[in-house]
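Below is one structure, written out as structure tokens; comments come after it.
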Amino acid sequence: MNLLELSELLGVSQNLVICVFVILAVWEVVWKSIALWKSARNNHLGWFICIIVFNTVGILPIIYILTNRKGERA
């Protein structure tokens with residue numbers, strides 16, 4: 001499915017679809033970067049690998065950050 005087909009299916013313009021994709025990509029990069037930094041500092045190799053491999057639009061990195069607050073270093 002290309003961008004034109006997707007925009008026709010949703011009944012919106014191509015510019016809106018592109019804008020949504022860009023916003024989701026930036027959202028993912030920000031949360032993934034924070035979670036990768038924290039997991040590397042806390043020596044959580046399993047989390048680090050999972051966060052790199054799976055693209056979950058920021059959900060997995062947010063889960064990691066929320067569940068591993070106590071293990072942070074000063």
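Chain lettering (A, B, ...) mirrors the order of the structure tokens, residue numbering begins at 1 for each chain separately, and ligand numbering begins at 1 in order of display.
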(request) Extract, using only C-alpha atoms, all DNA, RNA and protein residues at most 9 Å from range 48-62 of chain A, discarding same-chain residues fewer than 3 positions from it, and format them as a list in words. (result)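 Once the adjacent positions are removed, what remains is Leu24, Ala25, Trp27, Glu28, Val29, Val30, Trp31, Lys32, Ser33, Ile34, Ala35, Leu36, Trp37, Lys38, Ser39, Ala40, Asn43, His44, Leu45, Ile65, Leu66 and Thr67 of chain A.
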(request) Run DSSP on the backbone of this structure and report the residues of chain A it assigns to helix (DSSP H, G or I), as number ranges by chain. (result) A: 3-10, 14-41, 45-53, 59-67
Just to be explicit: take each residue in the selection above, keep N, CA and C atoms, and write the result as a short mmCIF file (atom, residue, chain, number, x, y, z; two decimals), in the first residue's frame.
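Result saved to again.cif:
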```cif
data_model
loop_
_atom_site.label_atom_id
_atom_site.label_comp_id
_atom_site.auth_asym_id
_atom_site.auth_seq_id
_atom_site.Cartn_x
_atom_site.Cartn_y
_atom_site.Cartn_z
N LEU A 3 1.41 5.60 -0.28
CA LEU A 3 0.90 6.76 0.44
C LEU A 3 -0.42 7.26 -0.14
N LEU A 4 -0.55 7.25 -1.46
CA LEU A 4 -1.78 7.70 -2.10
C LEU A 4 -2.96 6.80 -1.72
N GLU A 5 -2.74 5.49 -1.75
CA GLU A 5 -3.79 4.55 -1.39
C GLU A 5 -4.19 4.70 0.08
N LEU A 6 -3.20 4.89 0.94
CA LEU A 6 -3.47 5.06 2.37
C LEU A 6 -4.28 6.33 2.64
N SER A 7 -3.90 7.42 1.99
CA SER A 7 -4.62 8.67 2.21
C SER A 7 -6.05 8.58 1.67
N GLU A 8 -6.25 7.87 0.56
CA GLU A 8 -7.60 7.69 0.02
C GLU A 8 -8.43 6.79 0.93
N LEU A 9 -7.81 5.76 1.48
CA LEU A 9 -8.50 4.85 2.39
C LEU A 9 -8.97 5.57 3.64
N LEU A 10 -8.11 6.44 4.17
CA LEU A 10 -8.45 7.18 5.38
C LEU A 10 -9.31 8.42 5.10
N GLN A 14 -2.64 13.65 1.63
CA GLN A 14 -1.31 13.03 1.75
C GLN A 14 -0.45 13.80 2.74
N ASN A 15 -0.60 15.12 2.78
CA ASN A 15 0.20 15.93 3.70
C ASN A 15 -0.09 15.57 5.15
N LEU A 16 -1.35 15.29 5.46
CA LEU A 16 -1.70 14.90 6.82
C LEU A 16 -1.08 13.55 7.18
N VAL A 17 -1.12 12.61 6.25
CA VAL A 17 -0.52 11.29 6.50
C VAL A 17 0.99 11.43 6.72
N ILE A 18 1.64 12.23 5.90
CA ILE A 18 3.08 12.45 6.06
C ILE A 18 3.37 13.11 7.40
N CYS A 19 2.58 14.09 7.77
CA CYS A 19 2.76 14.79 9.04
C CYS A 19 2.62 13.82 10.22
N VAL A 20 1.63 12.95 10.18
CA VAL A 20 1.44 11.97 11.25
C VAL A 20 2.64 11.03 11.33
N PHE A 21 3.13 10.56 10.20
CA PHE A 21 4.29 9.68 10.20
C PHE A 21 5.53 10.36 10.76
N VAL A 22 5.72 11.62 10.41
CA VAL A 22 6.88 12.37 10.93
C VAL A 22 6.77 12.56 12.44
N ILE A 23 5.59 12.91 12.92
CA ILE A 23 5.39 13.09 14.36
C ILE A 23 5.63 11.77 15.10
N LEU A 24 5.12 10.66 14.57
CA LEU A 24 5.34 9.35 15.21
C LEU A 24 6.82 8.96 15.20
N ALA A 25 7.51 9.28 14.12
CA ALA A 25 8.94 8.97 14.04
C ALA A 25 9.74 9.76 15.07
N VAL A 26 9.44 11.04 15.20
CA VAL A 26 10.14 11.87 16.19
C VAL A 26 9.83 11.38 17.59
N TRP A 27 8.56 11.07 17.87
CA TRP A 27 8.13 10.52 19.17
C TRP A 27 8.94 9.26 19.50
N GLU A 28 9.05 8.35 18.54
CA GLU A 28 9.77 7.09 18.75
C GLU A 28 11.25 7.35 19.03
N VAL A 29 11.87 8.23 18.27
CA VAL A 29 13.29 8.50 18.44
C VAL A 29 13.58 9.10 19.81
N VAL A 30 12.75 10.02 20.25
CA VAL A 30 12.98 10.66 21.56
C VAL A 30 12.89 9.63 22.69
N TRP A 31 11.78 8.88 22.74
CA TRP A 31 11.61 7.91 23.83
C TRP A 31 12.63 6.78 23.75
N LYS A 32 12.93 6.33 22.53
CA LYS A 32 13.91 5.25 22.37
C LYS A 32 15.29 5.72 22.83
N SER A 33 15.67 6.94 22.50
CA SER A 33 16.97 7.45 22.91
C SER A 33 17.10 7.54 24.43
N ILE A 34 16.06 8.04 25.08
CA ILE A 34 16.09 8.14 26.55
C ILE A 34 16.19 6.76 27.18
N ALA A 35 15.37 5.82 26.70
CA ALA A 35 15.37 4.47 27.27
C ALA A 35 16.69 3.74 27.00
N LEU A 36 17.24 3.91 25.82
CA LEU A 36 18.53 3.27 25.53
C LEU A 36 19.64 3.82 26.42
N TRP A 37 19.63 5.13 26.63
CA TRP A 37 20.63 5.74 27.50
C TRP A 37 20.52 5.18 28.92
N LYS A 38 19.29 5.13 29.44
CA LYS A 38 19.09 4.64 30.81
C LYS A 38 19.41 3.16 30.93
N SER A 39 19.02 2.36 29.96
CA SER A 39 19.29 0.92 30.04
C SER A 39 20.79 0.64 29.93
N ALA A 40 21.50 1.41 29.14
CA ALA A 40 22.95 1.23 29.04
C ALA A 40 23.64 1.62 30.35
N ARG A 41 23.21 2.71 30.95
CA ARG A 41 23.81 3.15 32.22
C ARG A 41 23.51 2.17 33.36
N LEU A 45 21.22 -5.22 29.62
CA LEU A 45 21.48 -5.62 28.24
C LEU A 45 20.23 -6.14 27.54
N GLY A 46 19.42 -6.93 28.24
CA GLY A 46 18.20 -7.47 27.65
C GLY A 46 17.24 -6.38 27.21
N TRP A 47 17.02 -5.41 28.08
CA TRP A 47 16.16 -4.28 27.73
C TRP A 47 16.76 -3.49 26.56
N PHE A 48 18.06 -3.27 26.61
CA PHE A 48 18.73 -2.51 25.56
C PHE A 48 18.49 -3.16 24.20
N ILE A 49 18.67 -4.47 24.11
CA ILE A 49 18.48 -5.19 22.85
C ILE A 49 17.03 -5.14 22.40
N CYS A 50 16.10 -5.36 23.32
CA CYS A 50 14.67 -5.33 22.97
C CYS A 50 14.26 -3.95 22.46
N ILE A 51 14.73 -2.91 23.10
CA ILE A 51 14.36 -1.56 22.69
C ILE A 51 14.92 -1.24 21.30
N ILE A 52 16.12 -1.72 21.01
CA ILE A 52 16.70 -1.50 19.68
C ILE A 52 15.95 -2.28 18.61
N VAL A 53 15.60 -3.53 18.90
CA VAL A 53 15.03 -4.41 17.89
C VAL A 53 13.57 -4.07 17.58
N ILE A 59 6.17 2.81 23.00
CA ILE A 59 5.51 2.12 24.11
C ILE A 59 6.52 1.33 24.95
N LEU A 60 7.35 0.51 24.32
CA LEU A 60 8.34 -0.28 25.07
C LEU A 60 9.34 0.61 25.81
N PRO A 61 9.88 1.66 25.20
CA PRO A 61 10.77 2.54 25.97
C PRO A 61 10.09 3.20 27.16
N ILE A 62 8.83 3.60 27.00
CA ILE A 62 8.10 4.21 28.12
C ILE A 62 7.91 3.20 29.24
N ILE A 63 7.57 1.96 28.88
CA ILE A 63 7.42 0.90 29.89
C ILE A 63 8.73 0.71 30.64
N TYR A 64 9.85 0.67 29.91
CA TYR A 64 11.14 0.50 30.57
C TYR A 64 11.42 1.65 31.54
N ILE A 65 11.21 2.86 31.08
CA ILE A 65 11.50 4.03 31.91
C ILE A 65 10.65 4.02 33.17
N LEU A 66 9.37 3.70 33.04
CA LEU A 66 8.48 3.71 34.19
C LEU A 66 8.75 2.57 35.17
N THR A 67 9.16 1.41 34.66
CA THR A 67 9.37 0.26 35.54
C THR A 67 10.76 0.20 36.14
#
```
